[in-house]
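Dropping final.cif in here (mmCIF, C-alpha atoms and all ligand atoms):
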```cif
data_model
#
loop_
_atom_site.label_atom_id
_atom_site.label_comp_id
_atom_site.auth_asym_id
_atom_site.auth_seq_id
_atom_site.Cartn_x
_atom_site.Cartn_y
_atom_site.Cartn_z
CA MET F 991 -9.50 -49.70 -22.39
CA LYS F 992 -11.48 -46.92 -20.79
CA VAL F 993 -11.66 -43.37 -22.18
CA ALA F 994 -13.22 -40.41 -20.40
CA VAL F 995 -15.09 -37.88 -22.53
CA THR F 996 -16.08 -34.47 -21.17
CA SER F 997 -19.80 -34.30 -21.76
CA THR F 998 -22.70 -31.91 -21.51
CA GLY F 999 -24.96 -34.80 -20.52
CA ARG F 1000 -24.93 -38.27 -19.03
CA THR F 1001 -25.43 -40.28 -22.22
CA MET F 1002 -23.52 -41.30 -25.33
CA ASP F 1003 -25.71 -38.96 -27.46
CA ALA F 1004 -24.77 -35.89 -25.45
CA GLN F 1005 -22.39 -33.37 -26.98
CA VAL F 1006 -18.76 -33.23 -25.95
CA ASP F 1007 -18.31 -30.43 -23.40
CA PRO F 1008 -15.55 -28.16 -24.71
CA ARG F 1009 -14.37 -27.41 -21.16
CA PHE F 1010 -12.32 -29.89 -19.22
CA GLY F 1011 -12.16 -28.52 -15.67
CA ARG F 1012 -15.69 -27.22 -15.72
CA ALA F 1013 -17.24 -29.99 -17.80
CA ALA F 1014 -20.81 -30.86 -16.78
CA CYS F 1015 -19.77 -34.51 -16.38
CA PHE F 1016 -17.54 -37.24 -17.77
CA VAL F 1017 -18.84 -40.15 -19.78
CA VAL F 1018 -16.39 -42.98 -19.25
CA VAL F 1019 -16.58 -45.49 -22.10
CA ASP F 1020 -15.04 -48.95 -22.28
CA THR F 1021 -13.82 -49.16 -25.89
CA ASP F 1022 -13.92 -52.96 -25.90
CA ASN F 1023 -17.69 -53.26 -25.45
CA MET F 1024 -18.87 -49.61 -25.61
CA GLU F 1025 -20.36 -49.83 -22.14
CA PHE F 1026 -20.31 -46.53 -20.35
CA GLU F 1027 -20.94 -44.80 -17.05
CA ALA F 1028 -21.49 -41.12 -16.31
CA VAL F 1029 -19.28 -39.61 -13.60
CA GLU F 1030 -20.08 -36.33 -11.88
CA ASN F 1031 -17.46 -33.59 -12.09
CA THR F 1032 -17.21 -32.37 -8.52
CA ASN F 1033 -15.69 -29.07 -7.42
CA VAL F 1034 -16.66 -27.30 -10.67
CA ASP F 1035 -17.07 -23.91 -9.03
CA ALA F 1036 -13.97 -23.89 -6.88
CA GLY F 1037 -10.46 -22.81 -7.78
CA GLY F 1038 -8.23 -25.44 -9.32
CA ALA F 1039 -11.19 -27.04 -11.09
CA GLY F 1040 -8.95 -28.52 -13.79
CA ILE F 1041 -6.80 -30.31 -11.22
CA SER F 1042 -9.70 -31.81 -9.32
CA ALA F 1043 -11.39 -32.81 -12.57
CA ALA F 1044 -8.17 -34.56 -13.62
CA LYS F 1045 -8.12 -36.35 -10.28
CA VAL F 1046 -11.73 -37.50 -10.82
CA VAL F 1047 -10.81 -38.84 -14.25
CA ILE F 1048 -7.71 -40.62 -12.94
CA ASP F 1049 -9.80 -42.30 -10.26
CA THR F 1050 -12.17 -43.71 -12.91
CA GLY F 1051 -9.30 -45.76 -14.32
CA ALA F 1052 -9.55 -44.11 -17.75
CA ARG F 1053 -6.37 -44.18 -19.87
CA ALA F 1054 -7.35 -41.38 -22.26
CA VAL F 1055 -9.31 -38.13 -22.13
CA LEU F 1056 -11.25 -36.66 -25.04
CA THR F 1057 -12.18 -33.00 -24.62
CA GLY F 1058 -12.30 -29.60 -26.28
CA ASN F 1059 -9.91 -27.49 -24.26
CA CYS F 1060 -7.50 -28.33 -21.49
CA GLY F 1061 -5.42 -25.89 -19.44
CA PRO F 1062 -1.89 -26.36 -18.11
CA ASN F 1063 -2.71 -27.46 -14.54
CA ALA F 1064 -5.15 -30.13 -15.66
CA GLU F 1065 -2.74 -31.26 -18.37
CA ARG F 1066 0.08 -31.63 -15.85
CA THR F 1067 -2.15 -33.62 -13.49
CA LEU F 1068 -3.38 -35.92 -16.28
CA ARG F 1069 0.19 -36.47 -17.41
CA ALA F 1070 1.19 -37.47 -13.88
CA GLY F 1071 -1.64 -40.00 -14.01
CA ASN F 1072 -0.26 -41.32 -17.35
CA ILE F 1073 -3.41 -40.35 -19.18
CA THR F 1074 -3.25 -39.53 -22.86
CA LEU F 1075 -4.97 -36.28 -23.73
CA TYR F 1076 -6.87 -35.45 -26.91
CA THR F 1077 -8.08 -31.87 -27.32
CA GLY F 1078 -10.18 -30.15 -29.99
CA VAL F 1079 -12.72 -32.99 -29.89
CA THR F 1080 -16.30 -32.08 -30.89
CA GLY F 1081 -19.60 -33.79 -31.71
CA ALA F 1082 -21.51 -36.42 -29.77
CA VAL F 1083 -19.73 -38.55 -27.19
CA ALA F 1084 -20.33 -41.77 -29.15
CA GLU F 1085 -18.90 -40.27 -32.35
CA ALA F 1086 -15.86 -38.99 -30.49
CA VAL F 1087 -15.17 -42.44 -29.11
CA GLU F 1088 -15.58 -44.01 -32.57
CA ARG F 1089 -13.08 -41.54 -34.00
CA PHE F 1090 -10.71 -42.34 -31.16
CA LYS F 1091 -11.02 -46.08 -31.84
CA ALA F 1092 -10.39 -45.51 -35.53
CA GLY F 1093 -7.18 -43.69 -34.64
CA LYS F 1094 -8.46 -40.45 -36.14
CA LEU F 1095 -7.69 -38.22 -33.17
CA THR F 1096 -4.26 -36.75 -32.60
CA GLU F 1097 -2.70 -36.71 -29.20
CA ALA F 1098 -2.28 -33.28 -27.61
CA THR F 1099 1.31 -32.30 -26.98
CA GLY F 1100 0.42 -29.88 -24.19
CA PRO F 1101 -2.33 -27.65 -22.86
CA ASN F 1102 -4.25 -25.83 -25.58
CA VAL F 1103 -5.71 -23.03 -23.44
CA GLN F 1104 -4.65 -20.86 -20.48
CA SER F 1105 -5.65 -21.48 -16.88
CA HIS F 1106 -9.19 -20.38 -15.98
CA SER F 1107 -10.34 -20.17 -19.59
CA GLY F 1108 -13.37 -22.34 -18.88
CA MET F 1109 -14.48 -19.95 -16.16
CA ASN F 1110 -17.00 -17.86 -18.08
CA SER F 1111 -18.00 -20.09 -20.93
CA MET W 893 -5.61 7.97 10.72
CA ILE W 894 -5.88 5.68 7.71
CA LEU W 895 -7.72 7.17 4.77
CA ALA W 896 -8.35 4.87 1.81
CA VAL W 897 -8.87 6.27 -1.67
CA ALA W 898 -10.82 3.76 -3.75
CA SER W 899 -12.89 3.52 -6.90
CA GLY W 900 -15.24 0.95 -8.35
CA LYS W 901 -13.18 0.81 -11.53
CA GLY W 902 -9.80 1.86 -12.85
CA GLY W 903 -9.04 5.15 -14.55
CA THR W 904 -11.28 7.39 -12.45
CA GLY W 905 -8.45 9.50 -11.08
CA LYS W 906 -8.08 7.58 -7.83
CA THR W 907 -4.29 7.82 -7.87
CA THR W 908 -4.45 11.50 -8.80
CA VAL W 909 -6.61 12.23 -5.78
CA ALA W 910 -4.57 10.01 -3.44
CA THR W 911 -1.18 11.43 -4.42
CA ASN W 912 -2.24 15.07 -4.39
CA LEU W 913 -4.04 14.67 -1.10
CA ALA W 914 -0.99 13.01 0.44
CA LYS W 915 1.29 15.71 -0.86
CA VAL W 916 -0.72 18.64 0.52
CA CYS W 917 -1.09 16.95 3.91
CA ALA W 918 2.66 16.32 4.18
CA ALA W 919 3.38 19.87 2.99
CA ALA W 920 1.05 21.20 5.70
CA GLY W 921 3.29 19.59 8.29
CA ARG W 922 1.23 16.52 9.12
CA PRO W 923 3.37 13.33 9.24
CA THR W 924 1.94 11.54 6.21
CA GLN W 925 2.58 8.36 4.27
CA TYR W 926 1.34 7.48 0.81
CA ILE W 927 0.66 3.73 0.70
CA ASP W 928 0.28 2.22 -2.78
CA CYS W 929 -1.81 -0.93 -2.39
CA ASP W 930 -2.69 -1.06 -6.08
CA VAL W 931 -0.02 -3.75 -6.28
CA GLU W 932 -0.96 -5.14 -9.68
CA GLU W 933 -0.39 -1.76 -11.25
CA PRO W 934 1.25 0.61 -8.81
CA ASN W 935 1.73 4.03 -10.33
CA GLY W 936 1.86 6.48 -7.44
CA HIS W 937 5.65 6.62 -7.90
CA ILE W 938 5.24 8.11 -11.37
CA PHE W 939 3.74 11.26 -9.83
CA LEU W 940 5.44 11.41 -6.44
CA LYS W 941 8.91 10.51 -7.79
CA PRO W 942 10.09 9.29 -4.42
CA GLN W 943 13.66 8.57 -3.37
CA ILE W 944 13.60 4.81 -2.71
CA ASP W 945 15.77 3.73 0.19
CA GLY W 946 14.38 0.33 1.09
CA ARG W 947 13.35 -2.79 -0.79
CA GLU W 948 11.81 -5.83 0.84
CA GLU W 949 10.93 -9.14 -0.70
CA VAL W 950 7.53 -10.57 0.22
CA THR W 951 7.21 -14.32 0.34
CA VAL W 952 4.56 -16.82 1.33
CA GLU W 953 5.05 -20.45 2.34
CA VAL W 954 4.20 -23.20 -0.10
CA PRO W 955 4.68 -26.96 0.21
CA GLN W 956 7.68 -28.80 -1.18
CA VAL W 957 7.32 -32.56 -1.13
CA ASP W 958 10.25 -34.85 -0.46
CA ALA W 959 9.44 -37.80 -2.72
CA ALA W 960 11.79 -40.06 -0.75
CA LYS W 961 9.77 -39.60 2.45
CA CYS W 962 6.30 -39.55 0.90
CA ILE W 963 4.26 -42.70 1.44
CA GLY W 964 1.59 -41.72 -1.11
CA CYS W 965 -1.25 -41.66 1.42
CA GLY W 966 -3.06 -38.84 -0.39
CA ARG W 967 -4.01 -36.93 2.77
CA CYS W 968 -2.38 -33.69 1.63
CA GLY W 969 -4.56 -33.61 -1.49
CA GLN W 970 -7.70 -34.40 0.49
CA ILE W 971 -7.23 -31.52 2.91
CA CYS W 972 -6.31 -28.89 0.35
CA GLN W 973 -9.33 -26.76 -0.54
CA TYR W 974 -7.56 -25.17 -3.48
CA SER W 975 -6.29 -28.19 -5.42
CA ALA W 976 -2.80 -26.80 -4.91
CA ILE W 977 -1.48 -30.21 -3.96
CA VAL W 978 -2.69 -33.47 -5.40
CA CYS W 979 -1.60 -37.05 -4.94
CA ILE W 980 -1.68 -39.23 -8.06
CA GLY W 981 -0.74 -42.78 -7.23
CA GLU W 982 2.72 -42.51 -5.72
CA LYS W 983 3.35 -39.02 -7.05
CA VAL W 984 2.47 -35.74 -5.36
CA LEU W 985 2.10 -32.68 -7.56
CA THR W 986 2.08 -29.14 -6.20
CA PHE W 987 0.68 -26.04 -7.88
CA GLU W 988 2.27 -23.25 -5.92
CA GLN W 989 0.34 -20.55 -7.77
CA LEU W 990 -2.90 -21.90 -6.33
CA CYS W 991 -1.62 -22.40 -2.79
CA HIS W 992 -3.12 -20.16 -0.08
CA SER W 993 -0.50 -21.15 2.54
CA CYS W 994 -3.18 -22.45 4.90
CA GLY W 995 -0.72 -25.02 6.25
CA GLY W 996 -3.19 -27.90 6.00
CA CYS W 997 -0.98 -30.20 3.98
CA TRP W 998 2.14 -30.04 6.11
CA LEU W 999 0.09 -30.41 9.28
CA VAL W 1000 -1.71 -33.48 8.03
CA CYS W 1001 1.23 -35.29 6.40
CA PRO W 1002 1.97 -38.39 8.50
CA ALA W 1003 5.43 -38.87 7.00
CA GLU W 1004 6.83 -35.37 7.49
CA ALA W 1005 7.44 -35.37 3.79
CA ILE W 1006 6.32 -31.76 3.27
CA GLU W 1007 8.72 -28.88 3.79
CA ARG W 1008 7.64 -25.24 3.68
CA GLU W 1009 9.35 -23.33 0.93
CA PRO W 1010 9.24 -19.56 0.58
CA LEU W 1011 7.65 -18.39 -2.66
CA ARG W 1012 8.28 -14.82 -3.73
CA ILE W 1013 5.01 -13.04 -4.54
CA GLY W 1014 6.26 -9.49 -4.85
CA GLU W 1015 8.24 -6.70 -3.31
CA ILE W 1016 7.71 -3.54 -1.29
CA GLU W 1017 9.58 -0.29 -1.88
CA THR W 1018 9.85 2.35 0.79
CA GLY W 1019 11.20 5.86 0.57
CA GLN W 1020 10.47 9.56 0.80
CA ALA W 1021 8.99 12.14 -1.54
CA GLY W 1022 10.09 15.27 0.26
CA PRO W 1023 8.32 15.25 3.64
CA LEU W 1024 5.95 12.52 2.45
CA GLY W 1025 6.64 8.90 3.36
CA PHE W 1026 6.24 6.49 0.45
CA VAL W 1027 5.39 2.77 0.50
CA SER W 1028 4.51 0.77 -2.59
CA GLY W 1029 3.92 -2.91 -3.25
CA ARG W 1030 4.43 -4.61 -6.58
CA LEU W 1031 3.04 -8.05 -7.29
CA GLU W 1032 5.20 -10.49 -9.22
CA ILE W 1033 3.70 -11.05 -12.66
CA GLY W 1034 1.49 -14.13 -12.76
CA HIS W 1035 0.88 -14.32 -9.04
CA VAL W 1036 -2.54 -14.30 -7.50
CA ARG W 1037 -1.68 -13.65 -3.86
CA THR W 1038 -2.68 -10.02 -4.10
CA PRO W 1039 -4.40 -9.81 -0.66
CA SER W 1040 -1.34 -11.31 1.09
CA LEU W 1041 0.94 -8.73 -0.49
CA ILE W 1042 -1.47 -5.89 0.34
CA ARG W 1043 -1.51 -6.95 3.99
CA SER W 1044 2.30 -6.86 3.99
CA VAL W 1045 2.27 -3.37 2.47
CA ARG W 1046 -0.14 -2.18 5.14
CA ARG W 1047 2.20 -3.36 7.88
CA HIS W 1048 4.39 -0.39 6.94
CA ILE W 1049 1.74 2.08 8.08
CA GLN W 1050 2.92 4.10 11.06
CA SER W 1051 0.16 4.22 13.60
CA ASP W 1052 0.73 7.76 14.83
CA GLY W 1053 0.51 9.62 11.51
CA LEU W 1054 -1.76 9.93 8.54
CA ALA W 1055 -1.71 7.17 5.93
CA ILE W 1056 -3.33 7.62 2.55
CA VAL W 1057 -3.95 4.25 0.97
CA ASP W 1058 -4.25 3.96 -2.80
CA VAL W 1059 -6.68 1.03 -3.15
CA PRO W 1060 -6.77 -1.31 -6.17
CA PRO W 1061 -9.76 -0.66 -8.46
CA GLY W 1062 -12.84 -2.84 -8.33
CA THR W 1063 -14.73 -4.50 -5.50
CA SER W 1064 -13.01 -7.89 -5.10
CA CYS W 1065 -10.75 -9.51 -2.46
CA PRO W 1066 -7.76 -7.18 -2.99
CA VAL W 1067 -10.01 -4.18 -2.29
CA VAL W 1068 -11.30 -5.79 0.88
CA ALA W 1069 -7.71 -6.43 2.01
CA ALA W 1070 -6.79 -2.81 1.31
CA ILE W 1071 -9.71 -1.15 3.11
CA ARG W 1072 -10.46 -3.49 6.00
CA GLY W 1073 -10.34 -1.53 9.25
CA VAL W 1074 -9.44 1.85 7.73
CA ASP W 1075 -10.86 4.98 9.32
CA PHE W 1076 -12.43 6.41 6.20
CA VAL W 1077 -12.93 5.54 2.53
CA LEU W 1078 -13.03 8.18 -0.17
CA LEU W 1079 -14.71 6.81 -3.30
CA VAL W 1080 -13.55 8.52 -6.47
CA THR W 1081 -15.91 8.37 -9.43
CA GLU W 1082 -16.59 9.94 -12.78
CA PRO W 1083 -20.09 11.32 -13.37
CA THR W 1084 -20.99 8.93 -16.21
CA PRO W 1085 -23.50 6.06 -16.31
CA PHE W 1086 -20.64 3.51 -16.18
CA GLY W 1087 -18.98 5.38 -13.37
CA LEU W 1088 -22.23 5.45 -11.43
CA ASN W 1089 -22.76 1.74 -11.88
CA ASP W 1090 -19.30 0.98 -10.46
CA LEU W 1091 -19.78 3.53 -7.70
CA LYS W 1092 -22.93 1.74 -6.57
CA LEU W 1093 -21.01 -1.54 -6.28
CA ALA W 1094 -18.28 0.18 -4.29
CA VAL W 1095 -20.87 1.80 -1.99
CA GLU W 1096 -22.44 -1.61 -1.39
CA LEU W 1097 -19.06 -3.03 -0.42
CA VAL W 1098 -18.06 -0.28 2.02
CA ARG W 1099 -21.51 -0.36 3.59
CA GLU W 1100 -21.26 -4.11 3.96
CA MET W 1101 -17.89 -3.62 5.67
CA GLY W 1102 -19.34 -0.95 7.93
CA LEU W 1103 -16.83 1.73 6.91
CA PRO W 1104 -17.55 5.46 6.90
CA PHE W 1105 -17.19 6.90 3.41
CA ALA W 1106 -17.84 9.83 1.09
CA VAL W 1107 -17.62 10.48 -2.63
CA ALA W 1108 -15.31 12.65 -4.71
CA ILE W 1109 -16.33 13.36 -8.29
CA ASN W 1110 -13.52 13.60 -10.79
CA ARG W 1111 -13.87 15.22 -14.23
CA ASP W 1112 -17.06 16.89 -13.10
CA GLY W 1113 -18.98 18.16 -16.09
CA ILE W 1114 -18.29 15.28 -18.53
CA GLY W 1115 -21.46 13.31 -17.90
CA ASN W 1116 -24.82 13.98 -16.35
CA ASP W 1117 -26.00 14.75 -12.82
CA GLN W 1118 -27.19 11.22 -12.09
CA THR W 1119 -24.29 10.66 -9.71
CA GLN W 1120 -25.24 13.72 -7.65
CA ALA W 1121 -28.87 12.58 -7.66
CA TYR W 1122 -27.88 9.10 -6.52
CA CYS W 1123 -25.70 10.42 -3.70
CA LYS W 1124 -28.44 12.76 -2.56
CA ALA W 1125 -31.04 10.00 -2.53
CA GLU W 1126 -28.70 7.69 -0.64
CA GLY W 1127 -27.60 10.37 1.81
CA ILE W 1128 -23.97 10.13 0.66
CA GLU W 1129 -21.84 13.22 1.04
CA ILE W 1130 -19.93 14.51 -1.99
CA VAL W 1131 -16.83 16.01 -0.42
CA ALA W 1132 -15.04 17.18 -3.54
CA SER W 1133 -15.50 17.68 -7.21
CA ILE W 1134 -12.62 18.17 -9.55
CA PRO W 1135 -13.63 19.84 -12.79
CA ASP W 1136 -12.92 18.37 -16.19
CA ASP W 1137 -9.93 20.61 -16.78
CA ARG W 1138 -7.80 19.88 -19.85
CA ARG W 1139 -4.72 21.07 -18.01
CA ILE W 1140 -5.19 18.33 -15.40
CA ALA W 1141 -5.20 15.69 -18.12
CA GLN W 1142 -2.05 17.24 -19.58
CA ALA W 1143 -0.31 17.26 -16.21
CA TYR W 1144 -1.33 13.65 -15.67
CA SER W 1145 -0.03 12.51 -19.03
CA THR W 1146 3.39 13.95 -18.28
CA GLY W 1147 3.51 12.44 -14.77
CA GLN W 1148 3.05 15.76 -12.99
CA MET W 1149 1.13 16.35 -9.79
CA ILE W 1150 -1.89 18.64 -10.11
CA VAL W 1151 -0.78 20.73 -7.15
CA ASP W 1152 2.62 21.30 -8.80
CA ALA W 1153 1.41 21.99 -12.33
CA LEU W 1154 -1.68 23.96 -11.26
CA PRO W 1155 -1.03 25.51 -7.83
CA GLU W 1156 -4.54 26.99 -7.78
CA TYR W 1157 -5.80 23.48 -6.99
CA THR W 1158 -3.77 23.22 -3.82
CA GLU W 1159 -6.48 24.95 -1.83
CA ARG W 1160 -9.08 22.46 -3.03
CA PHE W 1161 -7.05 19.47 -1.93
CA ARG W 1162 -6.32 21.14 1.39
CA ASP W 1163 -10.06 21.75 1.84
CA LEU W 1164 -10.76 18.15 1.02
CA ALA W 1165 -8.18 16.98 3.55
CA THR W 1166 -9.75 19.22 6.18
CA ARG W 1167 -13.24 17.93 5.45
CA LEU W 1168 -12.03 14.38 5.81
CA GLY W 1169 -10.40 15.17 9.12
CA ALA W 1170 -6.93 14.48 7.73
CA LEU W 1171 -5.69 18.01 8.47
S1 LIG Q 1201 -0.66 -24.93 2.36
FE1 LIG Q 1201 -2.91 -25.18 2.24
S2 LIG Q 1201 -3.42 -24.28 0.27
FE2 LIG Q 1201 -1.23 -24.65 0.21
S3 LIG Q 1201 -1.06 -26.67 -0.72
FE3 LIG Q 1201 -1.06 -26.97 1.50
S4 LIG Q 1201 -3.20 -27.39 1.97
FE4 LIG Q 1201 -3.17 -26.47 -0.06
S1 LIG Q 1202 0.35 -36.39 3.06
FE1 LIG Q 1202 2.57 -36.60 3.01
S2 LIG Q 1202 2.91 -38.78 2.78
FE2 LIG Q 1202 0.77 -38.44 2.29
S3 LIG Q 1202 0.78 -38.18 0.04
FE3 LIG Q 1202 0.97 -36.14 0.93
S4 LIG Q 1202 3.18 -35.77 1.02
FE4 LIG Q 1202 2.91 -37.94 0.73
#
```
For the structure just supplied, provide its representation as structure tokens.
Amino acid sequence: MKVAVTSTGRTMDAQVDPRFGRAACFVVVDTDNMEFEAVENTNVDAGGAGISAAKVVIDTGARAVLTGNCGPNAERTLRAGNITLYTGVTGAVAEAVERFKAGKLTEATGPNVQSHSGMNS
Amino acid sequence: MILAVASGKGGTGKTTVATNLAKVCAAAGRPTQYIDCDVEEPNGHIFLKPQIDGREEVTVEVPQVDAAKCIGCGRCGQICQYSAIVCIGEKVLTFEQLCHSCGGCWLVCPAEAIEREPLRIGEIETGQAGPLGFVSGRLEIGHVRTPSLIRSVRRHIQSDGLAIVDVPPGTSCPVVAAIRGVDFVLLVTEPTPFGLNDLKLAVELVREMGLPFAVAINRDGIGNDQTQAYCKAEGIEIVASIPDDRRIAQAYSTGQMIVDALPEYTERFRDLATRLGAL
């Protein structure tokens, strides 16, 4: 199964980017063999960044998203794509995926921040 | 004539100047309207206490997708520049708050699955405050279509009279919508370092837009003379200064007009109107 992690860099050692919509990129990891690819987050500066980021993630075929914060529009889009969302995730991408595999992350029940909150951070 | 009263930031006395100016012009016999375009926080009515006789709902068109007709082609999502419509597999999601009503999605949909739905973004009140015409827009909480509503408010301006437009504070899109094409912009500022900083931004904007403008200093005496020095160096005319008078603050806090509470100021506002060519 593939999981997408919002990341500040293009590797497994990079830190989880706390922003979803305006994440630097997504590291998409296959949990079966820990192979990964880095996917650019397009449209970061435009309005509706969370929605287009969610669309990018859905198109990667990921089934889960690990991130810090996720707003309501992105959450709604991810839900429509049947993607499970985990918020409040920190540390390196590899660690986050290990915690996910070990079942140590709890599923988000909704957005954990307001729209536009990633705008200035 | 359309005269816009603007300020680089809130709380500089913009509404005080706009309402008092409008009142003296109407009282002098000039057909005048006060137009409140500060739609996120309209407060001209607090001072003018108009009799409201008309209310109009302002709507914009947003897409409504008929899932039964949709073939899931994804074209609507591709054309939308605002991520207000997105196609996920077979499902189409709309985010009406982000929609700019550009019409792209319903034009491009090959299945005629997209209907246009009206979305209420606010309302406009019209009325009279004595001889003064009154128009005020109020944005629905949580909506971002401020410029659209401002343009609707401005459609109530009667072309043959004088319109005094109370502009939203700042220098962003709503301000542009409120001042585009006006005859003159009066920038109200306070003579403090912060005030000056915001004034400079406002000056940049009106210059960029090619609009004639001048400055009015409110609460003159509270800060320093940097604002005067700046205006002098930039060749900007200061057409009025309102002293930092405690009685003005008192009148303001009880929702009174300066010209009612302190009639000695009437002459000043009349002078200002004359200098601006409004009387
Ligand atoms: S009308 Fe324009 S802005 Fe609104 S959803 Fe359709 S394409 Fe997007
Ligand atoms: S363009 Fe029309 S048919 Fe295609 S996904 Fe959008 S709503 Fe459905």
Q: Excluding region 1070-1073 of chain F and any residue of its chain fewer than 5 positions from it, enumerate the residues within 10 Å of it, using all atoms listed in the file, and give them as a PyMOL selection string.
A: (chain F and resi 993-994+1044-1045+1047-1049+1051-1055+1064-1065) or (chain W and resi 979-985)
Q) Smallest atom-to-atom distance to chain W: which of F:Val1103, F:Ala1043, F:Ala1084, F:Leu1056, using all atoms listed in the file? A)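 Closest residue, counting all atoms listed in the file: F:Ala1043.
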Report as JSON lines: every residue of chain W with an atom at most 10 Å from ligand LIG 1202 (chain Q), its closest pair of atoms, and their distance in Å to one decimal, counting all atoms listed in the file, with rows sorted by chain and ascending residue number.
```
{"residue": "W:Pro955", "atom": "CA", "partner": "Q:LIG1202", "partner_atom": "S4", "distance": 9.0}
{"residue": "W:Gln956", "atom": "CA", "partner": "Q:LIG1202", "partner_atom": "S4", "distance": 8.6}
{"residue": "W:Val957", "atom": "CA", "partner": "Q:LIG1202", "partner_atom": "S4", "distance": 5.7}
{"residue": "W:Asp958", "atom": "CA", "partner": "Q:LIG1202", "partner_atom": "S4", "distance": 7.3}
{"residue": "W:Ala959", "atom": "CA", "partner": "Q:LIG1202", "partner_atom": "FE4", "distance": 7.4}
{"residue": "W:Ala960", "atom": "CA", "partner": "Q:LIG1202", "partner_atom": "FE4", "distance": 9.2}
{"residue": "W:Lys961", "atom": "CA", "partner": "Q:LIG1202", "partner_atom": "S2", "distance": 6.9}
{"residue": "W:Cys962", "atom": "CA", "partner": "Q:LIG1202", "partner_atom": "FE4", "distance": 3.8}
{"residue": "W:Ile963", "atom": "CA", "partner": "Q:LIG1202", "partner_atom": "S2", "distance": 4.4}
{"residue": "W:Gly964", "atom": "CA", "partner": "Q:LIG1202", "partner_atom": "S3", "distance": 3.8}
{"residue": "W:Cys965", "atom": "CA", "partner": "Q:LIG1202", "partner_atom": "FE2", "distance": 3.9}
{"residue": "W:Gly966", "atom": "CA", "partner": "Q:LIG1202", "partner_atom": "S3", "distance": 3.9}
{"residue": "W:Arg967", "atom": "CA", "partner": "Q:LIG1202", "partner_atom": "S1", "distance": 4.4}
{"residue": "W:Cys968", "atom": "CA", "partner": "Q:LIG1202", "partner_atom": "S1", "distance": 4.1}
{"residue": "W:Gly969", "atom": "CA", "partner": "Q:LIG1202", "partner_atom": "FE3", "distance": 6.5}
{"residue": "W:Gln970", "atom": "CA", "partner": "Q:LIG1202", "partner_atom": "S1", "distance": 8.7}
{"residue": "W:Ile971", "atom": "CA", "partner": "Q:LIG1202", "partner_atom": "S1", "distance": 9.0}
{"residue": "W:Ile977", "atom": "CA", "partner": "Q:LIG1202", "partner_atom": "FE3", "distance": 8.1}
{"residue": "W:Val978", "atom": "CA", "partner": "Q:LIG1202", "partner_atom": "FE3", "distance": 7.8}
{"residue": "W:Cys979", "atom": "CA", "partner": "Q:LIG1202", "partner_atom": "S3", "distance": 5.6}
{"residue": "W:Ile980", "atom": "CA", "partner": "Q:LIG1202", "partner_atom": "S3", "distance": 8.5}
{"residue": "W:Gly981", "atom": "CA", "partner": "Q:LIG1202", "partner_atom": "S3", "distance": 8.7}
{"residue": "W:Glu982", "atom": "CA", "partner": "Q:LIG1202", "partner_atom": "S3", "distance": 7.5}
{"residue": "W:Lys983", "atom": "CA", "partner": "Q:LIG1202", "partner_atom": "S3", "distance": 7.6}
{"residue": "W:Val984", "atom": "CA", "partner": "Q:LIG1202", "partner_atom": "S3", "distance": 6.2}
{"residue": "W:Leu985", "atom": "CA", "partner": "Q:LIG1202", "partner_atom": "S4", "distance": 9.2}
{"residue": "W:Thr986", "atom": "CA", "partner": "Q:LIG1202", "partner_atom": "S4", "distance": 9.9}
{"residue": "W:Gly996", "atom": "CA", "partner": "Q:LIG1202", "partner_atom": "S1", "distance": 9.7}
{"residue": "W:Cys997", "atom": "CA", "partner": "Q:LIG1202", "partner_atom": "S1", "distance": 6.4}
{"residue": "W:Trp998", "atom": "CA", "partner": "Q:LIG1202", "partner_atom": "FE1", "distance": 7.3}
{"residue": "W:Leu999", "atom": "CA", "partner": "Q:LIG1202", "partner_atom": "S1", "distance": 8.6}
{"residue": "W:Val1000", "atom": "CA", "partner": "Q:LIG1202", "partner_atom": "S1", "distance": 6.1}
{"residue": "W:Cys1001", "atom": "CA", "partner": "Q:LIG1202", "partner_atom": "S1", "distance": 3.6}
{"residue": "W:Pro1002", "atom": "CA", "partner": "Q:LIG1202", "partner_atom": "FE1", "distance": 5.8}
{"residue": "W:Ala1003", "atom": "CA", "partner": "Q:LIG1202", "partner_atom": "S2", "distance": 4.9}
{"residue": "W:Glu1004", "atom": "CA", "partner": "Q:LIG1202", "partner_atom": "FE1", "distance": 6.3}
{"residue": "W:Ala1005", "atom": "CA", "partner": "Q:LIG1202", "partner_atom": "FE1", "distance": 5.1}
{"residue": "W:Ile1006", "atom": "CA", "partner": "Q:LIG1202", "partner_atom": "S4", "distance": 5.6}
{"residue": "W:Glu1007", "atom": "CA", "partner": "Q:LIG1202", "partner_atom": "S4", "distance": 9.3}
```
I'd like the box whose edges run along x, y and z of the file and which contains every listed atom of ligand LIG 1201 (chain Q), padded by 8 Å per side; could you state its centre and edge lengths in Å, one decimal, as JSON?
```
{"center_x": -2.0, "center_y": -25.8, "center_z": 0.8, "size_x": 18.8, "size_y": 19.1, "size_z": 19.1}
```
So that each row is one residue of region 895-915 of chain W with an atom at most 9 Å from region 1148-1164 of chain W, can you give its shortest atom pair and the distance in Å to one decimal, using all atoms listed in the file, rows by chain and rising number, as CSV?
```
residue,atom,partner,partner_atom,distance
W:Thr908,CA,W:Met1149,CA,7.5
W:Val909,CA,W:Phe1161,CA,8.2
W:Thr911,CA,W:Met1149,CA,7.6
W:Asn912,CA,W:Val1151,CA,6.5
W:Leu913,CA,W:Phe1161,CA,5.7
W:Lys915,CA,W:Val1151,CA,8.3
```
